[in-house]
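*Asks:* Next comes the structure file entry.txt, holding compact mmCIF, C-alpha atoms.
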# COMPACT_ATOMS: atom_id res chain seq x y z
CA GLN A 1 3.61 -0.71 -26.21
CA LYS A 2 5.39 0.40 -23.05
CA GLU A 3 8.34 -1.70 -21.99
CA VAL A 4 7.05 -2.13 -18.45
CA GLU A 5 3.38 -1.67 -17.59
CA GLN A 6 1.63 -1.39 -14.26
CA ASN A 7 -1.86 -0.44 -13.18
CA SER A 8 -1.49 3.05 -11.70
CA GLY A 9 -4.14 2.47 -9.02
CA PRO A 10 -4.83 3.61 -6.44
CA LEU A 11 -5.29 0.15 -5.01
CA SER A 12 -7.09 0.21 -1.67
CA VAL A 13 -6.74 -2.82 0.60
CA PRO A 14 -8.01 -3.30 4.17
CA GLU A 15 -5.43 -3.74 6.90
CA GLY A 16 -4.51 -7.38 7.39
CA ALA A 17 -5.55 -8.42 3.88
CA ILE A 18 -3.35 -9.47 0.94
CA ALA A 19 -2.32 -6.78 -1.54
CA SER A 20 -1.60 -7.99 -5.07
CA LEU A 21 0.43 -5.84 -7.45
CA ASN A 22 0.98 -6.76 -11.09
CA CYS A 23 3.43 -5.88 -13.82
CA THR A 24 3.90 -6.93 -17.45
CA TYR A 25 6.95 -6.38 -19.63
CA SER A 26 7.56 -6.45 -23.37
CA ASP A 27 11.19 -7.60 -23.73
CA ARG A 28 10.90 -11.37 -23.89
CA VAL A 29 14.57 -11.92 -23.03
CA SER A 30 14.54 -9.76 -19.90
CA GLN A 31 16.76 -11.21 -17.20
CA SER A 32 16.00 -9.66 -13.83
CA PHE A 33 12.97 -8.17 -12.16
CA PHE A 34 12.70 -5.86 -9.21
CA TRP A 35 10.04 -4.39 -6.97
CA TYR A 36 10.80 -1.03 -5.37
CA ARG A 37 8.77 0.79 -2.75
CA GLN A 38 8.66 4.57 -2.80
CA TYR A 39 7.18 6.71 -0.07
CA SER A 40 6.02 10.19 -1.04
CA GLY A 41 8.99 12.54 -1.44
CA LYS A 42 11.53 9.76 -0.91
CA SER A 43 13.85 7.66 -3.05
CA PRO A 44 12.87 4.19 -4.27
CA GLU A 45 14.07 1.32 -2.07
CA LEU A 46 14.33 -2.31 -3.15
CA ILE A 47 11.73 -4.70 -1.74
CA MET A 48 12.29 -7.84 -3.79
CA SER A 49 14.27 -9.09 -6.75
CA ILE A 50 13.57 -12.23 -8.78
CA TYR A 51 15.11 -13.79 -11.86
CA SER A 52 13.81 -17.38 -12.02
CA ASN A 53 10.30 -18.53 -12.81
CA GLY A 54 8.20 -19.23 -9.76
CA ASP A 55 7.81 -17.67 -6.34
CA LYS A 56 10.31 -16.00 -4.06
CA GLU A 57 9.30 -15.22 -0.48
CA ASP A 58 10.82 -12.74 1.96
CA GLY A 59 8.83 -12.17 5.13
CA ARG A 60 5.42 -10.77 4.23
CA PHE A 61 6.44 -10.25 0.60
CA THR A 62 6.25 -12.78 -2.24
CA ALA A 63 7.41 -12.06 -5.77
CA GLN A 64 6.08 -14.24 -8.58
CA LEU A 65 7.61 -14.49 -12.06
CA ASN A 66 6.16 -16.08 -15.18
CA LYS A 67 8.52 -15.49 -18.10
CA ALA A 68 6.27 -17.29 -20.60
CA SER A 69 3.48 -14.80 -19.87
CA GLN A 70 5.95 -11.92 -19.35
CA TYR A 71 4.35 -11.22 -16.02
CA VAL A 72 5.69 -10.44 -12.57
CA SER A 73 3.70 -9.80 -9.42
CA LEU A 74 4.19 -8.82 -5.79
CA LEU A 75 2.00 -10.09 -2.97
CA ILE A 76 2.00 -8.39 0.40
CA ARG A 77 0.45 -10.48 3.17
CA ASP A 78 -1.00 -9.05 6.39
CA SER A 79 -0.95 -5.55 4.89
CA GLN A 80 -0.04 -2.77 7.31
CA PRO A 81 -0.67 0.99 7.08
CA SER A 82 3.10 1.40 6.70
CA ASP A 83 2.83 -0.49 3.40
CA SER A 84 0.95 2.47 1.91
CA ALA A 85 3.29 3.71 -0.81
CA THR A 86 3.88 3.58 -4.54
CA TYR A 87 5.31 0.29 -5.79
CA LEU A 88 7.53 0.39 -8.83
CA CYS A 89 8.22 -2.60 -11.04
CA ALA A 90 11.61 -2.55 -12.76
CA VAL A 91 13.08 -4.81 -15.42
CA LYS A 92 16.67 -5.39 -16.48
CA GLY A 93 16.38 -6.28 -20.14
CA SER A 94 18.43 -8.08 -22.72
CA SER A 95 21.03 -5.30 -22.86
CA ALA A 96 22.02 -6.29 -19.32
CA SER A 97 22.72 -2.62 -18.62
CA LYS A 98 19.47 -0.68 -18.68
CA ILE A 99 16.91 -0.92 -15.90
CA ILE A 100 13.48 0.25 -17.04
CA PHE A 101 10.74 1.17 -14.59
CA GLY A 102 6.98 1.01 -14.85
CA SER A 103 4.79 3.96 -13.92
CA GLY A 104 4.12 2.56 -10.44
CA THR A 105 1.02 1.44 -8.53
CA ARG A 106 -0.17 3.53 -5.62
CA LEU A 107 -1.21 1.26 -2.72
CA SER A 108 -3.33 2.49 0.17
CA ILE A 109 -3.94 0.30 3.24
CA ARG A 110 -7.10 1.36 5.04
CA PRO A 111 -7.44 0.66 8.80
CA ASN X 112 28.32 4.70 4.29
CA ALA X 113 27.26 7.54 2.01
CA GLY X 114 26.21 5.30 -0.92
CA VAL X 115 24.93 7.60 -3.67
CA THR X 116 25.03 11.34 -3.01
CA GLN X 117 23.23 13.90 -5.14
CA THR X 118 23.65 17.67 -5.04
CA PRO X 119 21.84 19.99 -4.90
CA LYS X 120 18.64 18.74 -3.25
CA PHE X 121 16.55 21.60 -4.62
CA ARG X 122 17.06 24.11 -7.42
CA ILE X 123 15.01 26.70 -9.24
CA LEU X 124 16.20 27.60 -12.74
CA LYS X 125 15.02 30.20 -15.18
CA ILE X 126 14.18 29.17 -18.73
CA GLY X 127 17.33 29.03 -20.82
CA GLN X 128 19.74 28.70 -17.90
CA SER X 129 22.15 25.81 -17.61
CA MET X 130 23.14 23.68 -14.65
CA THR X 131 24.84 20.45 -13.66
CA LEU X 132 23.30 17.94 -11.30
CA GLN X 133 26.03 16.16 -9.39
CA CYS X 134 26.04 12.46 -8.50
CA ALA X 135 28.78 10.66 -6.63
CA GLN X 136 28.98 7.08 -5.34
CA ASP X 137 31.45 5.48 -2.99
CA MET X 138 30.55 1.82 -3.66
CA ASN X 139 32.91 1.37 -6.63
CA HIS X 140 29.93 0.31 -8.77
CA ASN X 141 30.34 0.14 -12.53
CA TYR X 142 26.82 0.99 -13.57
CA MET X 143 25.26 4.40 -12.97
CA TYR X 144 21.92 5.80 -14.05
CA TRP X 145 20.02 9.06 -14.26
CA TYR X 146 16.23 8.98 -14.02
CA ARG X 147 13.59 11.66 -13.92
CA GLN X 148 10.26 11.30 -12.16
CA ASP X 149 7.37 13.56 -12.99
CA PRO X 150 4.54 13.96 -10.43
CA GLY X 151 2.53 10.75 -9.99
CA MET X 152 4.63 8.92 -12.56
CA GLY X 153 7.32 6.28 -12.62
CA LEU X 154 10.99 6.70 -13.38
CA LYS X 155 12.13 7.48 -16.90
CA LEU X 156 15.72 6.61 -17.82
CA ILE X 157 17.65 9.61 -19.18
CA TYR X 158 21.21 8.28 -19.55
CA TYR X 159 23.25 5.47 -18.14
CA SER X 160 26.89 4.43 -17.93
CA VAL X 161 28.51 1.01 -17.72
CA GLY X 162 31.86 2.37 -16.61
CA ALA X 163 34.25 5.30 -16.79
CA GLY X 164 34.30 6.78 -20.29
CA ILE X 165 31.20 4.89 -21.48
CA THR X 166 27.72 6.42 -21.57
CA ASP X 167 24.54 5.68 -23.50
CA LYS X 168 21.10 7.18 -24.03
CA GLY X 169 18.06 5.97 -22.18
CA GLU X 170 14.37 6.58 -22.87
CA VAL X 171 14.31 10.41 -22.63
CA PRO X 172 17.80 11.83 -23.37
CA ASN X 173 16.81 14.99 -25.26
CA GLY X 174 17.90 18.19 -23.51
CA TYR X 175 20.50 16.45 -21.34
CA ASN X 176 24.14 15.46 -21.50
CA VAL X 177 26.32 13.30 -19.28
CA SER X 178 29.95 12.43 -18.79
CA ARG X 179 31.72 9.73 -16.80
CA SER X 180 35.38 10.53 -16.35
CA THR X 181 35.70 8.53 -13.11
CA THR X 182 33.97 5.52 -11.58
CA GLU X 183 32.70 7.68 -8.73
CA ASP X 184 31.07 10.61 -10.53
CA PHE X 185 28.28 10.83 -13.09
CA PRO X 186 27.11 14.44 -13.58
CA LEU X 187 23.99 15.33 -15.58
CA ARG X 188 24.07 18.56 -17.58
CA LEU X 189 21.05 20.63 -18.61
CA GLU X 190 22.14 23.13 -21.26
CA LEU X 191 19.01 25.20 -21.97
CA ALA X 192 16.47 24.62 -19.23
CA ALA X 193 12.84 24.33 -20.30
CA PRO X 194 9.66 24.08 -18.16
CA SER X 195 9.25 20.49 -19.40
CA GLN X 196 12.39 19.61 -17.44
CA THR X 197 10.71 20.41 -14.14
CA SER X 198 10.94 17.09 -12.34
CA VAL X 199 12.67 15.12 -9.61
CA TYR X 200 15.94 13.64 -10.77
CA PHE X 201 17.35 10.45 -9.27
CA CYS X 202 20.81 9.04 -9.70
CA ALA X 203 21.40 5.34 -9.07
CA ALA X 204 24.38 3.00 -8.97
CA ARG X 205 24.55 -0.76 -9.41
CA GLY X 206 27.34 -3.28 -9.13
CA GLN X 207 28.04 -5.88 -11.78
CA GLY X 208 28.35 -8.75 -9.34
CA THR X 209 28.17 -12.44 -10.07
CA TYR X 210 24.38 -12.69 -10.03
CA LEU X 211 21.80 -11.32 -12.40
CA ASN X 212 19.73 -9.54 -9.82
CA THR X 213 22.09 -6.90 -8.43
CA GLU X 214 20.33 -4.06 -6.68
CA ALA X 215 20.36 -0.43 -7.85
CA PHE X 216 20.96 2.04 -5.01
CA PHE X 217 19.38 5.47 -5.32
CA GLY X 218 20.44 8.92 -4.22
CA GLN X 219 18.10 11.24 -2.34
CA GLY X 220 16.98 13.03 -5.48
CA THR X 221 17.20 16.58 -6.83
CA ARG X 222 13.96 18.53 -7.15
CA LEU X 223 14.31 20.90 -10.10
CA THR X 224 11.83 23.61 -11.04
CA VAL X 225 12.21 25.59 -14.26
CA VAL X 226 10.30 28.88 -14.35
The structure in this file should be written as structure tokens.
*Replies:*
Amino acid sequence: QKEVEQNSGPLSVPEGAIASLNCTYSDRVSQSFFWYRQYSGKSPELIMSIYSNGDKEDGRFTAQLNKASQYVSLLIRDSQPSDSATYLCAVKGSSASKIIFGSGTRLSIRP
Amino acid sequence: NAGVTQTPKFRILKIGQSMTLQCAQDMNHNYMYWYRQDPGMGLKLIYYSVGAGITDKGEVPNGYNVSRSTTEDFPLRLELAAPSQTSVYFCAARGQGTYLNTEAFFGQGTRLTVV
């Protein structure tokens, strides 16, 4: 079982709709969870971080964490063409040092 | 602010050659990481360091070596380049901070091709 799993996509969402990205992780004692956005040919950039169960909102982005189900998600409201990118889920596990990434979900926002 | 700087940006190596990918950070962060990203894939952790003099293996360490003699620098060494090492390499740095969710900052990446 992979440590961090994501659906590779592509996920196609109409402009203005809600995009929902999901991630599961295997280390039950993982501490921190991150969503990075990566445009083609560019470095990953942090979108959201979350470490407590529940929702965390920042503008059009909402991260959701359910530690019991070992599940973290990212919602993007009012999706824009500029949101088209690959979204990487990352988990800081029990070692408190390593950050492990999933394989990423490619999101495409269609006009 | 420079943040995390990687050199070179691009490199073509022949099979069996060696090279060092450089990574430097000016944020005084303790934690540094090397990842590789194959086309259409996520990031795989090669090595990481929790401070000067301390390094540890990640998910895919074979064929690579690292050292961390200073807080600022974390070079990645390829001793005998193989085509399977063709990839984009990212270096990242993260502070320890007082919260659990400290952000990792990434360099611009090094695109390496082994022919």
*Asks:* Of the candidates A:Ala85, A:Ile50, A:Leu65, A:Val72, which one gets nearest to A:Leu21 if we count all atoms listed in the file?
*Replies:*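 Counting all atoms listed in the file, the residue closest to A:Leu21 is A:Val72.
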*Asks:* What lies within 8 Å of A:Asp78 using all atoms listed in the file, ignoring chain neighbours under 5 positions off, as JSON, numbers by chain?
*Replies:* {"A": [15, 16, 17, 18, 60]}
*Asks:* What does the structure give for the distance between atom CA of A:Ile100 and atom CA of X:Glu183, in Å to one decimal?
*Replies:*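 Value for the atom CA of A:Ile100-atom CA of X:Glu183 distance: 22.2 Å.
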*Asks:* Just need the residues of chain A within 10 Å of chain X, counting only C-alpha atoms, so spit them out as a PyMOL selection string.
*Replies:* chain A and resi 6+8+31-34+36+40-51+86-92+96-106
*Asks:* What is the atom CA of X:Val115 to atom CA of A:Leu74 distance in Å?
*Replies:*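 It comes out at 26.5 Å.
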*Asks:* Tell me, as a ChimeraX atom specification, which residues lie within 8 Å of X:Val225, counting only C-alpha atoms; anything in the same chain fewer than 2 positions away does not count.
*Replies:* /X:123-126,192-197,223
*Asks:* Looking at X:Ser198, X:Asp184, X:Pro119, X:Arg147, which one is nearest to X:Pro172, with distances taken over only C-alpha atoms?
*Replies:*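 Of X:Ser198, X:Asp184, X:Pro119, X:Arg147, the one nearest X:Pro172 is X:Arg147, counting only C-alpha atoms.
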*Asks:* Would you work out the distance separating atom CA of X:Met130 from atom CA of X:Gly206, expressed in Å to one decimal?
*Replies:* 27.8 Å
*Asks:* If we count only C-alpha atoms and set the cut-off at 9 Å, which residues sit around A:Ser73, ignoring sequence neighbours fewer than 3 positions away in its own chain? Please answer as a list in words.
*Replies:* Ser20, Leu21, Asn22, Cys23, Thr24, Trp35, Thr62, Ala63, Gln64, Leu65, Asn66 and Cys89 of chain A
*Asks:* Around all of stretch 122-140 of chain X's listed atoms, make the axis-aligned box with 6 Å on each side and tell me centre and edge lengths in Å to one decimal, as lines of an AutoDock Vina configuration file.
*Replies:*
center_x = 23.5
center_y = 15.3
center_z = -11.9
size_x = 30.7
size_y = 41.9
size_z = 29.8
*Asks:* Rank X:Gly114, X:Ile165, X:Leu187, X:Pro150 by their smallest atom-to-atom distance to X:Ser129, using only C-alpha atoms, and report the top residue only.
*Replies:*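 Closest candidate: X:Leu187.
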*Asks:* Quick one: residues within 8 Å of X:Gly164, only C-alpha atoms counted, chain neighbours fewer than 2 positions away excluded, as a list in words?
*Replies:*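 Near X:Gly164, the qualifying residues are Gly162, Thr166, Ser178, Arg179, Ser180 and Thr181 of chain X.
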*Asks:* Rank A:Pro81, A:Gly93, A:Pro14, A:Gly59 by their smallest atom-to-atom distance to A:Asp27, using all atoms listed in the file, and report the top residue only.
*Replies:*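 So, comparing all the options, the nearest one is A:Gly93.
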